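Shown below: data.txt, with compact mmCIF, C-alpha atoms and all ligand atoms.
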# COMPACT_ATOMS: atom_id res chain seq x y z
CA MET A 215 69.72 -97.13 -36.23
CA GLY A 216 66.90 -96.60 -38.75
CA SER A 217 67.42 -96.94 -42.49
CA TYR A 218 70.52 -98.49 -44.03
CA THR A 219 71.77 -99.43 -47.50
CA PHE A 220 73.42 -102.83 -47.95
CA THR A 221 75.72 -102.83 -50.96
CA SER A 222 77.60 -105.33 -53.08
CA SER A 223 79.97 -107.27 -50.89
CA ALA A 224 83.49 -108.62 -50.89
CA PRO A 225 83.56 -112.43 -50.58
CA LEU A 226 82.52 -113.71 -47.15
CA LYS A 227 85.48 -115.43 -45.55
CA GLY A 228 86.71 -116.83 -42.27
CA ARG A 229 84.78 -118.30 -39.37
CA LEU A 230 81.90 -116.94 -37.38
CA ARG A 231 79.67 -118.14 -34.59
CA VAL A 232 76.03 -117.13 -34.64
CA PRO A 233 74.25 -116.41 -31.32
CA GLY A 234 72.19 -118.95 -29.39
CA ASP A 235 68.99 -120.47 -30.69
CA LYS A 236 66.00 -118.26 -30.00
CA SER A 237 63.47 -121.07 -29.49
CA ILE A 238 65.77 -122.93 -27.12
CA SER A 239 66.71 -119.74 -25.22
CA HIS A 240 63.05 -118.90 -24.50
CA ARG A 241 62.41 -122.40 -23.25
CA ALA A 242 65.55 -122.56 -21.12
CA LEU A 243 64.52 -119.39 -19.24
CA MET A 244 60.92 -120.50 -18.82
CA PHE A 245 61.62 -124.04 -17.66
CA ALA A 246 64.47 -122.95 -15.36
CA GLY A 247 62.05 -120.36 -13.98
CA LEU A 248 59.62 -123.17 -13.09
CA ALA A 249 62.19 -125.45 -11.47
CA VAL A 250 63.00 -125.36 -7.77
CA GLY A 251 66.70 -124.50 -7.39
CA GLU A 252 69.37 -122.95 -9.56
CA SER A 253 69.89 -123.59 -13.28
CA ARG A 254 72.70 -122.14 -15.37
CA ILE A 255 72.32 -121.31 -19.04
CA ALA A 256 75.32 -120.89 -21.35
CA GLY A 257 75.04 -119.46 -24.85
CA LEU A 258 71.69 -117.79 -24.23
CA LEU A 259 70.60 -115.51 -27.08
CA GLU A 260 70.60 -111.97 -25.70
CA GLY A 261 68.13 -110.65 -28.26
CA GLU A 262 65.13 -108.50 -27.39
CA ASP A 263 62.62 -111.36 -27.74
CA VAL A 264 64.47 -113.52 -25.23
CA LEU A 265 65.00 -110.57 -22.89
CA ALA A 266 61.22 -110.07 -22.94
CA THR A 267 60.84 -113.66 -21.73
CA ALA A 268 63.44 -113.06 -18.98
CA ALA A 269 61.64 -109.89 -17.84
CA ALA A 270 58.28 -111.66 -17.74
CA MET A 271 59.69 -114.62 -15.79
CA ARG A 272 61.12 -112.15 -13.27
CA GLN A 273 57.69 -110.54 -12.92
CA LEU A 274 56.33 -114.01 -12.16
CA GLY A 275 58.83 -114.56 -9.36
CA ALA A 276 61.93 -116.19 -10.91
CA ARG A 277 65.32 -114.73 -9.99
CA ILE A 278 67.39 -114.29 -13.14
CA VAL A 279 70.92 -112.88 -13.19
CA ARG A 280 73.47 -112.51 -15.98
CA GLU A 281 77.04 -113.26 -14.87
CA ASP A 282 79.98 -111.28 -16.28
CA ASP A 283 81.11 -114.27 -18.34
CA GLY A 284 77.74 -114.37 -20.15
CA THR A 285 76.27 -117.30 -18.19
CA TRP A 286 72.70 -116.78 -16.97
CA ARG A 287 71.76 -117.98 -13.51
CA VAL A 288 68.08 -118.73 -12.87
CA ASN A 289 66.51 -119.53 -9.51
CA GLY A 290 63.05 -120.83 -10.30
CA ALA A 291 59.84 -119.78 -8.59
CA GLY A 292 58.61 -123.39 -8.70
CA LEU A 293 55.76 -124.85 -10.70
CA GLY A 294 52.45 -123.81 -9.15
CA SER A 295 54.13 -121.01 -7.20
CA LEU A 296 54.32 -118.27 -9.81
CA ILE A 297 53.23 -114.90 -8.44
CA GLU A 298 50.70 -112.60 -10.01
CA PRO A 299 52.49 -109.91 -12.04
CA ARG A 300 51.79 -106.39 -10.81
CA ALA A 301 52.18 -104.79 -14.24
CA ALA A 302 51.28 -105.96 -17.74
CA LEU A 303 53.66 -108.46 -19.31
CA ASP A 304 55.24 -106.62 -22.25
CA MET A 305 56.16 -109.21 -24.86
CA GLY A 306 57.58 -106.68 -27.33
CA ASN A 307 57.76 -108.33 -30.77
CA SER A 308 57.80 -111.92 -29.53
CA GLY A 309 55.02 -114.34 -30.46
CA THR A 310 56.90 -117.23 -28.85
CA SER A 311 57.13 -115.46 -25.46
CA THR A 312 53.45 -114.60 -25.59
CA ARG A 313 52.01 -117.94 -26.61
CA LEU A 314 54.24 -120.10 -24.42
CA MET A 315 53.73 -117.83 -21.42
CA MET A 316 49.94 -117.92 -21.92
CA GLY A 317 50.23 -121.70 -21.68
CA LEU A 318 52.33 -121.50 -18.56
CA LEU A 319 49.91 -119.15 -16.80
CA ALA A 320 46.72 -120.89 -17.95
CA SER A 321 47.07 -123.48 -15.17
CA HIS A 322 48.05 -121.04 -12.42
CA GLY A 323 45.34 -119.29 -10.41
CA LEU A 324 46.35 -115.76 -11.31
CA THR A 325 45.51 -112.95 -13.68
CA ALA A 326 47.91 -111.36 -16.16
CA THR A 327 47.66 -108.94 -19.05
CA PHE A 328 49.78 -109.39 -22.17
CA ILE A 329 50.79 -106.45 -24.34
CA GLY A 330 53.18 -106.09 -27.29
CA ASP A 331 54.38 -103.90 -30.15
CA ALA A 332 52.35 -103.07 -33.28
CA SER A 333 53.44 -106.25 -35.08
CA LEU A 334 52.66 -108.59 -32.17
CA SER A 335 49.38 -106.80 -31.46
CA GLY A 336 48.14 -107.81 -34.92
CA ARG A 337 48.97 -111.50 -34.56
CA PRO A 338 46.38 -114.22 -33.90
CA MET A 339 46.15 -115.54 -30.34
CA ASN A 340 42.96 -117.56 -30.76
CA ARG A 341 45.11 -120.54 -31.70
CA VAL A 342 46.24 -120.73 -28.05
CA ILE A 343 43.16 -119.15 -26.45
CA GLU A 344 41.06 -122.02 -27.80
CA PRO A 345 42.83 -125.01 -26.24
CA LEU A 346 43.70 -123.11 -23.06
CA SER A 347 40.02 -122.17 -22.62
CA GLN A 348 39.16 -125.86 -22.92
CA MET A 349 41.54 -126.40 -20.01
CA GLY A 350 39.64 -123.86 -17.92
CA ALA A 351 41.48 -120.57 -18.42
CA SER A 352 39.52 -117.49 -19.49
CA PHE A 353 40.62 -114.63 -21.72
CA GLU A 354 39.59 -111.11 -22.60
CA ALA A 355 41.32 -110.45 -25.88
CA SER A 356 41.17 -107.48 -28.22
CA ALA A 357 39.14 -107.65 -31.44
CA GLY A 358 39.93 -110.73 -33.53
CA GLY A 359 41.72 -112.50 -30.67
CA THR A 360 44.73 -110.17 -30.43
CA LEU A 361 46.74 -108.34 -27.76
CA PRO A 362 46.24 -106.62 -25.39
CA CYS A 363 44.77 -109.69 -23.79
CA MET A 364 43.92 -110.48 -20.20
CA LEU A 365 44.25 -114.08 -19.02
CA ARG A 366 42.71 -115.59 -15.92
CA GLY A 367 44.33 -118.92 -15.17
CA ALA A 368 42.50 -121.97 -13.82
CA SER A 369 43.59 -123.79 -10.68
CA PRO A 370 43.21 -126.65 -11.02
CA ALA A 371 43.04 -126.73 -14.80
CA VAL A 372 41.48 -129.63 -16.67
CA PRO A 373 43.62 -131.97 -18.78
CA VAL A 374 42.64 -132.21 -22.46
CA THR A 375 43.60 -134.10 -25.56
CA TYR A 376 44.17 -131.47 -28.24
CA ARG A 377 44.75 -132.14 -31.92
CA LEU A 378 46.63 -129.23 -33.50
CA PRO A 379 44.61 -127.60 -36.28
CA VAL A 380 47.74 -125.74 -37.49
CA ALA A 381 51.31 -127.04 -37.55
CA SER A 382 52.58 -124.83 -34.72
CA ALA A 383 55.25 -125.57 -32.15
CA GLN A 384 54.04 -122.55 -30.22
CA VAL A 385 50.53 -123.94 -29.83
CA LYS A 386 51.88 -127.41 -29.01
CA SER A 387 54.18 -125.92 -26.38
CA ALA A 388 51.45 -123.72 -24.88
CA VAL A 389 49.23 -126.75 -24.25
CA LEU A 390 52.12 -128.85 -22.88
CA LEU A 391 53.20 -126.04 -20.55
CA ALA A 392 49.63 -125.66 -19.29
CA GLY A 393 49.63 -129.44 -18.80
CA LEU A 394 52.67 -129.24 -16.53
CA ASN A 395 50.61 -127.81 -13.67
CA THR A 396 47.37 -129.66 -14.49
CA PRO A 397 46.39 -132.85 -12.64
CA GLY A 398 46.31 -135.92 -14.90
CA ILE A 399 47.62 -136.35 -18.41
CA THR A 400 47.42 -133.64 -21.07
CA ARG A 401 47.89 -134.82 -24.65
CA VAL A 402 48.75 -133.01 -27.85
CA ILE A 403 48.27 -134.75 -31.19
CA GLU A 404 50.50 -133.41 -33.91
CA PRO A 405 49.48 -134.46 -37.44
CA ILE A 406 52.54 -132.65 -38.84
CA ALA A 407 55.72 -132.67 -36.74
CA THR A 408 57.01 -129.27 -35.65
CA ARG A 409 60.16 -128.28 -33.75
CA ASP A 410 60.53 -130.48 -30.67
CA HIS A 411 62.70 -128.36 -28.36
CA THR A 412 59.96 -128.25 -25.72
CA GLU A 413 59.75 -132.04 -25.54
CA ARG A 414 63.53 -132.50 -25.46
CA MET A 415 64.16 -129.87 -22.82
CA LEU A 416 61.20 -130.62 -20.55
CA ARG A 417 62.51 -134.16 -20.20
CA GLY A 418 65.89 -132.74 -19.19
CA PHE A 419 64.19 -130.70 -16.47
CA GLY A 420 62.63 -133.90 -15.14
CA ALA A 421 59.10 -133.74 -16.56
CA ASN A 422 57.35 -137.01 -17.25
CA LEU A 423 56.64 -136.80 -20.97
CA GLU A 424 55.95 -139.56 -23.48
CA VAL A 425 56.05 -139.31 -27.24
CA SER A 426 54.39 -141.98 -29.34
CA GLU A 427 52.96 -142.39 -32.81
CA GLU A 428 49.34 -143.22 -33.55
CA ASN A 429 48.08 -143.55 -37.13
CA GLY A 430 51.10 -141.66 -38.43
CA GLU A 431 50.55 -138.75 -36.03
CA ARG A 432 52.81 -137.74 -33.14
CA VAL A 433 51.17 -137.90 -29.72
CA ILE A 434 52.84 -136.12 -26.82
CA ALA A 435 51.56 -136.88 -23.32
CA ILE A 436 52.61 -134.86 -20.29
CA HIS A 437 51.93 -136.00 -16.73
CA GLY A 438 50.78 -133.04 -14.71
CA GLU A 439 51.69 -131.52 -11.39
CA ALA A 440 55.29 -132.37 -11.99
CA ASP A 441 58.23 -131.04 -10.04
CA LEU A 442 60.85 -129.63 -12.35
CA LYS A 443 64.44 -129.94 -11.16
CA PRO A 444 67.06 -127.40 -12.16
CA MET A 445 69.59 -128.19 -14.87
CA ASP A 446 72.44 -126.62 -16.77
CA VAL A 447 71.65 -125.84 -20.40
CA THR A 448 74.07 -125.05 -23.23
CA VAL A 449 72.20 -123.38 -26.06
CA PRO A 450 73.44 -124.28 -29.56
CA GLY A 451 73.74 -121.67 -32.32
CA ASP A 452 70.54 -120.69 -34.09
CA PRO A 453 70.08 -122.30 -37.53
CA SER A 454 67.62 -119.53 -38.38
CA SER A 455 70.38 -116.94 -37.84
CA ALA A 456 72.97 -119.10 -39.62
CA ALA A 457 70.64 -119.24 -42.65
CA PHE A 458 71.41 -115.60 -43.56
CA PHE A 459 75.10 -116.42 -43.83
CA LEU A 460 74.49 -119.70 -45.67
CA VAL A 461 72.61 -117.81 -48.37
CA ALA A 462 74.96 -114.80 -48.35
CA ALA A 463 78.06 -116.97 -48.88
CA SER A 464 76.23 -119.03 -51.53
CA ILE A 465 75.38 -115.98 -53.64
CA VAL A 466 78.45 -113.74 -53.18
CA PRO A 467 81.19 -114.94 -55.59
CA GLY A 468 84.46 -116.04 -54.00
CA SER A 469 82.94 -116.71 -50.56
CA ASP A 470 84.24 -119.50 -48.34
CA LEU A 471 82.86 -119.26 -44.82
CA VAL A 472 82.55 -121.53 -41.79
CA VAL A 473 79.53 -120.94 -39.57
CA GLU A 474 80.32 -122.67 -36.29
CA ASN A 475 78.10 -124.45 -33.79
CA VAL A 476 74.87 -124.51 -35.82
CA GLY A 477 71.96 -126.44 -34.32
CA LEU A 478 70.81 -129.08 -36.81
CA ASN A 479 67.81 -130.59 -35.07
CA PRO A 480 65.94 -132.32 -37.94
CA THR A 481 62.79 -130.34 -37.06
CA ARG A 482 64.74 -127.13 -37.81
CA ALA A 483 67.32 -127.87 -40.49
CA GLY A 484 65.16 -127.85 -43.65
CA ILE A 485 66.99 -124.81 -45.06
CA VAL A 486 70.24 -126.79 -45.38
CA THR A 487 68.46 -129.57 -47.30
CA VAL A 488 66.72 -127.14 -49.64
CA LEU A 489 69.81 -125.04 -50.33
CA LYS A 490 71.73 -128.23 -51.15
CA GLN A 491 68.92 -129.27 -53.52
CA MET A 492 69.45 -125.91 -55.23
CA GLY A 493 73.14 -126.69 -55.67
CA ALA A 494 74.60 -124.93 -52.62
CA ASP A 495 78.02 -126.13 -51.48
CA ILE A 496 77.49 -126.75 -47.75
CA LYS A 497 79.54 -129.27 -45.79
CA GLU A 498 78.82 -130.36 -42.24
CA LEU A 499 82.03 -130.48 -40.21
CA ASP A 500 82.56 -132.05 -36.79
CA PRO A 501 78.99 -133.20 -36.08
CA ARG A 502 78.40 -133.39 -32.32
CA GLU A 503 75.79 -132.86 -29.62
CA VAL A 504 75.31 -129.66 -27.62
CA GLY A 505 72.63 -129.40 -24.92
CA GLY A 506 70.85 -132.50 -26.21
CA GLU A 507 70.66 -131.10 -29.75
CA PRO A 508 72.65 -132.15 -32.86
CA VAL A 509 75.15 -129.48 -33.92
CA ALA A 510 77.84 -129.06 -36.60
CA ASP A 511 80.06 -126.39 -38.13
CA LEU A 512 78.88 -125.57 -41.64
CA ARG A 513 81.39 -124.71 -44.38
CA VAL A 514 79.68 -122.88 -47.21
CA ARG A 515 81.28 -121.83 -50.47
CA HIS A 516 79.88 -119.76 -53.29
CA ALA A 517 78.12 -121.96 -55.85
CA PRO A 518 75.71 -121.41 -58.74
CA LEU A 519 72.16 -122.10 -57.54
CA LYS A 520 69.31 -123.49 -59.59
CA GLY A 521 65.57 -123.04 -59.10
CA ILE A 522 63.56 -125.92 -57.67
CA GLU A 523 60.04 -126.79 -56.62
CA VAL A 524 60.20 -126.78 -52.81
CA ASP A 525 58.35 -129.73 -51.28
CA PRO A 526 55.65 -128.32 -48.95
CA ALA A 527 56.29 -131.23 -46.55
CA ILE A 528 59.57 -129.56 -45.55
CA VAL A 529 57.91 -126.25 -44.56
CA PRO A 530 57.61 -126.86 -40.78
CA SER A 531 61.36 -127.55 -40.53
CA MET A 532 62.25 -124.19 -42.12
CA VAL A 533 59.20 -122.05 -41.48
CA ASP A 534 61.29 -119.00 -40.50
CA GLU A 535 63.82 -119.39 -43.32
CA PHE A 536 61.57 -118.70 -46.32
CA PRO A 537 62.33 -114.97 -46.53
CA VAL A 538 66.03 -115.69 -47.04
CA LEU A 539 65.32 -118.69 -49.24
CA PHE A 540 63.36 -116.31 -51.51
CA VAL A 541 66.55 -114.25 -51.82
CA ALA A 542 68.53 -117.35 -52.84
CA ALA A 543 65.79 -118.16 -55.38
CA ALA A 544 65.97 -114.64 -56.81
CA MET A 545 69.66 -115.26 -57.65
CA ALA A 546 69.24 -118.84 -58.92
CA GLU A 547 69.07 -120.01 -62.49
CA GLY A 548 65.45 -120.82 -63.41
CA THR A 549 62.26 -120.78 -61.43
CA THR A 550 61.64 -121.66 -57.78
CA THR A 551 58.11 -122.42 -56.62
CA THR A 552 56.99 -122.56 -53.02
CA THR A 553 53.58 -123.67 -51.74
CA GLY A 554 51.98 -124.49 -48.40
CA LEU A 555 53.24 -121.28 -46.80
CA GLU A 556 49.95 -119.84 -45.49
CA GLU A 557 51.41 -119.65 -41.96
CA LEU A 558 53.94 -117.11 -43.22
CA ARG A 559 51.12 -114.59 -43.50
CA VAL A 560 50.73 -114.48 -39.69
CA LYS A 561 54.38 -114.18 -38.64
CA GLU A 562 55.98 -110.89 -37.48
CA SER A 563 54.69 -109.57 -40.83
CA ASP A 564 52.87 -111.14 -43.78
CA ARG A 565 56.11 -112.60 -45.08
CA ILE A 566 54.65 -113.65 -48.43
CA SER A 567 53.43 -110.23 -49.51
CA VAL A 568 56.18 -108.26 -47.74
CA MET A 569 58.93 -110.32 -49.41
CA ALA A 570 57.13 -110.13 -52.79
CA ALA A 571 57.11 -106.33 -52.51
CA ALA A 572 60.69 -106.14 -51.20
CA LEU A 573 62.20 -108.40 -53.86
CA THR A 574 60.21 -106.70 -56.62
CA ALA A 575 61.54 -103.34 -55.39
CA ALA A 576 65.05 -104.80 -55.66
CA GLY A 577 64.48 -105.88 -59.28
CA ALA A 578 63.57 -109.56 -58.84
CA ARG A 579 60.79 -111.24 -60.82
CA VAL A 580 58.27 -112.56 -58.33
CA GLU A 581 54.68 -113.82 -58.50
CA GLU A 582 52.62 -113.92 -55.32
CA HIS A 583 50.07 -116.67 -54.64
CA GLU A 584 47.81 -117.29 -51.69
CA ASP A 585 50.20 -119.87 -50.20
CA GLY A 586 53.62 -119.01 -51.59
CA LEU A 587 55.82 -117.25 -54.14
CA THR A 588 57.06 -118.19 -57.58
CA ILE A 589 60.44 -116.58 -58.25
CA HIS A 590 62.27 -116.36 -61.56
CA GLY A 591 65.96 -116.10 -60.76
CA THR A 592 68.67 -113.99 -62.41
CA GLY A 593 70.95 -116.99 -63.03
CA GLY A 594 73.63 -115.54 -60.76
CA GLU A 595 73.59 -111.96 -62.13
CA PRO A 596 73.33 -109.34 -59.37
CA LEU A 597 69.88 -107.95 -58.65
CA ARG A 598 69.34 -104.36 -59.77
CA GLY A 599 68.90 -103.07 -56.20
CA THR A 600 66.33 -100.66 -54.87
CA SER A 601 67.63 -97.35 -56.35
CA ASN A 602 64.74 -94.99 -55.49
CA ALA A 603 62.63 -97.35 -53.43
CA ARG A 604 63.16 -98.29 -49.80
CA VAL A 605 62.29 -101.75 -48.55
CA LYS A 606 59.60 -101.74 -45.86
CA THR A 607 60.44 -104.23 -43.12
CA HIS A 608 57.18 -103.92 -41.11
CA LEU A 609 58.90 -104.52 -37.73
CA ASP A 610 60.08 -107.91 -39.01
CA HIS A 611 63.70 -108.86 -38.22
CA ARG A 612 63.81 -111.63 -40.80
CA ILE A 613 62.67 -109.33 -43.61
CA ALA A 614 65.41 -106.85 -42.65
CA MET A 615 68.17 -109.48 -42.61
CA SER A 616 66.95 -111.25 -45.76
CA MET A 617 66.94 -108.02 -47.73
CA ALA A 618 70.35 -107.14 -46.28
CA VAL A 619 71.60 -110.37 -47.85
CA ALA A 620 69.91 -109.41 -51.14
CA GLY A 621 71.82 -106.12 -51.00
CA LEU A 622 75.17 -107.96 -50.92
CA ALA A 623 74.45 -109.35 -54.37
CA SER A 624 72.93 -106.22 -55.93
CA ARG A 625 74.22 -103.63 -58.41
CA ASP A 626 72.88 -100.47 -56.72
CA GLY A 627 72.45 -101.70 -53.15
CA VAL A 628 69.29 -102.42 -51.17
CA GLU A 629 67.99 -99.76 -48.81
CA ILE A 630 66.03 -100.95 -45.80
CA ASP A 631 63.74 -98.57 -43.92
CA ASP A 632 64.57 -99.86 -40.44
CA THR A 633 67.32 -102.14 -39.17
CA ASP A 634 66.25 -101.86 -35.50
CA PRO A 635 64.07 -105.03 -35.57
CA ILE A 636 67.21 -107.10 -36.25
CA ALA A 637 67.96 -106.83 -32.51
CA THR A 638 64.96 -109.02 -31.67
CA SER A 639 66.80 -112.18 -32.77
CA PHE A 640 70.35 -111.30 -33.90
CA PRO A 641 71.77 -108.17 -32.26
CA THR A 642 75.29 -108.80 -33.64
CA PHE A 643 74.20 -109.37 -37.26
CA MET A 644 75.63 -106.15 -38.68
CA GLN A 645 79.05 -106.56 -37.06
CA MET A 646 79.29 -110.21 -38.12
CA LEU A 647 78.39 -109.34 -41.69
CA GLU A 648 80.98 -106.59 -41.74
CA SER A 649 83.74 -108.77 -40.33
CA ALA A 650 82.98 -111.69 -42.67
CA ALA A 651 83.00 -109.48 -45.77
CA GLN A 652 86.47 -107.92 -45.49
C1 LIG B 1 58.72 -121.04 -32.68
C2 LIG B 1 57.84 -121.66 -33.53
C3 LIG B 1 57.51 -121.14 -34.86
C4 LIG B 1 58.49 -120.09 -35.35
C5 LIG B 1 58.86 -119.12 -34.27
C6 LIG B 1 59.46 -119.82 -33.07
C7 LIG B 1 58.97 -121.63 -31.35
O1 LIG B 1 56.22 -120.60 -34.83
O2 LIG B 1 57.97 -119.39 -36.46
O3 LIG B 1 59.81 -118.18 -34.77
O4 LIG B 1 59.96 -121.26 -30.69
O5 LIG B 1 58.18 -122.49 -30.96
P1 LIG B 1 54.90 -121.54 -35.00
O6 LIG B 1 55.07 -122.66 -34.07
O7 LIG B 1 53.75 -120.68 -34.65
O8 LIG B 1 54.92 -121.94 -36.43
Would you mind giving the structure from this file in structure tokens?
Amino acid sequence: MGSYTFTSSAPLKGRLRVPGDKSISHRALMFAGLAVGESRIAGLLEGEDVLATAAAMRQLGARIVREDDGTWRVNGAGLGSLIEPRAALDMGNSGTSTRLMMGLLASHGLTATFIGDASLSGRPMNRVIEPLSQMGASFEASAGGTLPCMLRGASPAVPVTYRLPVASAQVKSAVLLAGLNTPGITRVIEPIATRDHTERMLRGFGANLEVSEENGERVIAIHGEADLKPMDVTVPGDPSSAAFFLVAASIVPGSDLVVENVGLNPTRAGIVTVLKQMGADIKELDPREVGGEPVADLRVRHAPLKGIEVDPAIVPSMVDEFPVLFVAAAMAEGTTTTTGLEELRVKESDRISVMAAALTAAGARVEEHEDGLTIHGTGGEPLRGTSNARVKTHLDHRIAMSMAVAGLASRDGVEIDDTDPIATSFPTFMQMLESAAQ
């Protein structure tokens, strides 16, 4: 689709249902692909990142079919029985597919080459190469530990105890997935808790996994050479996708919107807490459980927001939501400070500097620091908009959607250079925005 200008919006009204959770969708396909027998997945996110995982699992021997009613049927290849892919595994834009799949393959005796787009090819892989090498796998990565990267798995691999040097669910999951096909017990020590979808879902697929706490740190132990049994998974709605609508309805006057079926796993729901601290009017309706995850419908009404100091301890539970939080901060009364965000510099783009540039281009007052942004809000007045400038999204879906939201509360509109990356996580974003803002 290319460039697009998002302009000042009518109030957001009605009800909408965001697509399935990206993290959970990746895991459902991978784990079902390792089980022996047929699993069915309902509510799978059909975004490009997840489709990259499906394609790679097919190359490794899983049979994956989409039914006409949107259910996905997966017949697993079986743990230990993955086949060597004949072509490179193209991970597109998806860091999660790459890092988790490297873990999976590290304990299989086969060779695979990982490739990706320009954004993914600049992202650090040493964070998984390191522990997986300790387990016996070997890698030939491009300069600086990037893709393209060839992996030679170890069979048998060696179990390790690995203490995460960065708070990363991807690294945790890579080691646990390698541990699945490794004799003995593989342990991951997590000083700072990150999203726990891997732990929750692996148990559902029959893995023997224990979680304990030692000296205030989470320890996850997986017993290797497990047999995974198939299961049916219902994927809840993605809180990271819902976040765009939570902020949009908060900043567009007159809005009153219900976002249905939003996953509210405590390791993911930090954005709701922080927006409420800023004065957002968000109510959780009909709390329930879907696919082993807490879920609710969220009713959000326009409300004046105020700037706050965001507690860095909450960062892991909203690591992907900072770009859109920055937009909320730009419209709030007073100053918002964020710290502890160094990981944002190695996401699909450097989200600290890219958002600083994008918001500045749209007329916001922003100061960039090594580990976060300080934003002086307008107090509810619309942002100026980009007029002659065009926001650069750097192949980053969350930058595109965040600045789309900024455009809804701008005087002159916000022009984005490229909306195509939105399809990696939220292919129906544009239609949903249009239908909510009638
Ligand atoms: C993800 C973990 C996060 C997040 C990414 C998805 C996952 O990355 O940013 O979008 O599914 O495990 P890190 O674990 O590297 O922080």
Residues at most 7 Å from Asp626 in chain A, counting only C-alpha atoms, excluding those fewer than 2 positions away in the same chain, as a list in words? Thr221, Arg598, Gly599, Thr600, Ser601, Ser624 and Val628 of chain A
Within 6 Å of ligand LIG 1 (chain B), which residues of chain A come that close, and what is the closest atom pair and distance in Å for each? Count all atoms listed in the file and give it as a tab-separated table.
residue	atom	partner	partner_atom	distance
A:Ser237	CA	B:LIG1	O4	3.7
A:Thr310	CA	B:LIG1	O4	5.4
A:Ser382	CA	B:LIG1	O6	3.4
A:Ala383	CA	B:LIG1	O6	3.5
A:Gln384	CA	B:LIG1	O6	4.0
A:Val533	CA	B:LIG1	O2	5.8
A:Asp534	CA	B:LIG1	O2	5.2
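By only C-alpha atoms, and with residues fewer than 5 positions from Ser563 in chain A along its chain excluded, the set lying at most 8 Å from it is Ser333, Leu558, Val568, His608, Leu609 and Asp610 of chain A.
When all atoms listed in the file are used to compute distances to Ile636 in chain A, the closest of the residues A:Arg366, A:His322, A:His611, A:Arg579 turns out to be A:His611.
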If you count only C-alpha atoms, the residue of A:Ala421, A:Val449, A:Ile613, A:Leu303 closest to Ala326 in chain A turns out to be A:Leu303
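If you count only C-alpha atoms and ignore residues fewer than 3 places along the chain from range 438-444 of chain A, what sits within 7 Å of it is Ala246, Leu248, Ala249, Val250, Gly251, Glu252, Ser253, Leu293, Gly393, Leu394, Asn395, Thr396, Pro397, Gly398, Ile399, Phe419, Gly420 and Ala421 of chain A.
Minimum atom-to-atom distances from A:Ala620, A:Ala276, A:Ile329, A:Val402 to Val425 in chain A were compared using all atoms listed in the file, and the lowest value belongs to A:Val402.
The spacing separating CA of Glu354 in chain A from CA of Ala269 in chain A amounts to 22.6 Å.
Checking A:Ile278, A:Ala456, A:Val342, A:Leu391 one by one against Met646 in chain A, counting only C-alpha atoms, you find the shortest gap at A:Ala456.
Put simply, CA of Ile255 in chain A is 10.0 Å away from CA of Gly505 in chain A.
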Would you list the contacts of Met415 in chain A as a list in words, taking every protein, DNA or RNA residue within 10 Å and counting all atoms listed in the file, but skipping same-chain residues closer than 6 positions in sequence? Ile238, Arg241, Ala242, Phe245, Ala421, Met445, Val447, Gly505, Gly506 and Glu507 of chain A
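Using only C-alpha atoms, the smallest distance between any of A:Ala603, A:Leu512, A:Ala351, A:Leu499 and Pro453 in chain A comes from A:Leu512.
The neighbours of Ala302 in chain A here are the residues that come within 10 Å of it, using only C-alpha atoms and leaving out any residue fewer than 3 positions away in the same chain; they are Ala270, Gln273, Pro299, Met305, Thr325, Ala326, Thr327, Phe328, Ile329, Gly330, Pro362, Cys363 and Met364 of chain A.
Between CA of Ser311 in chain A and CA of Thr267 in chain A the separation is 5.6 Å.
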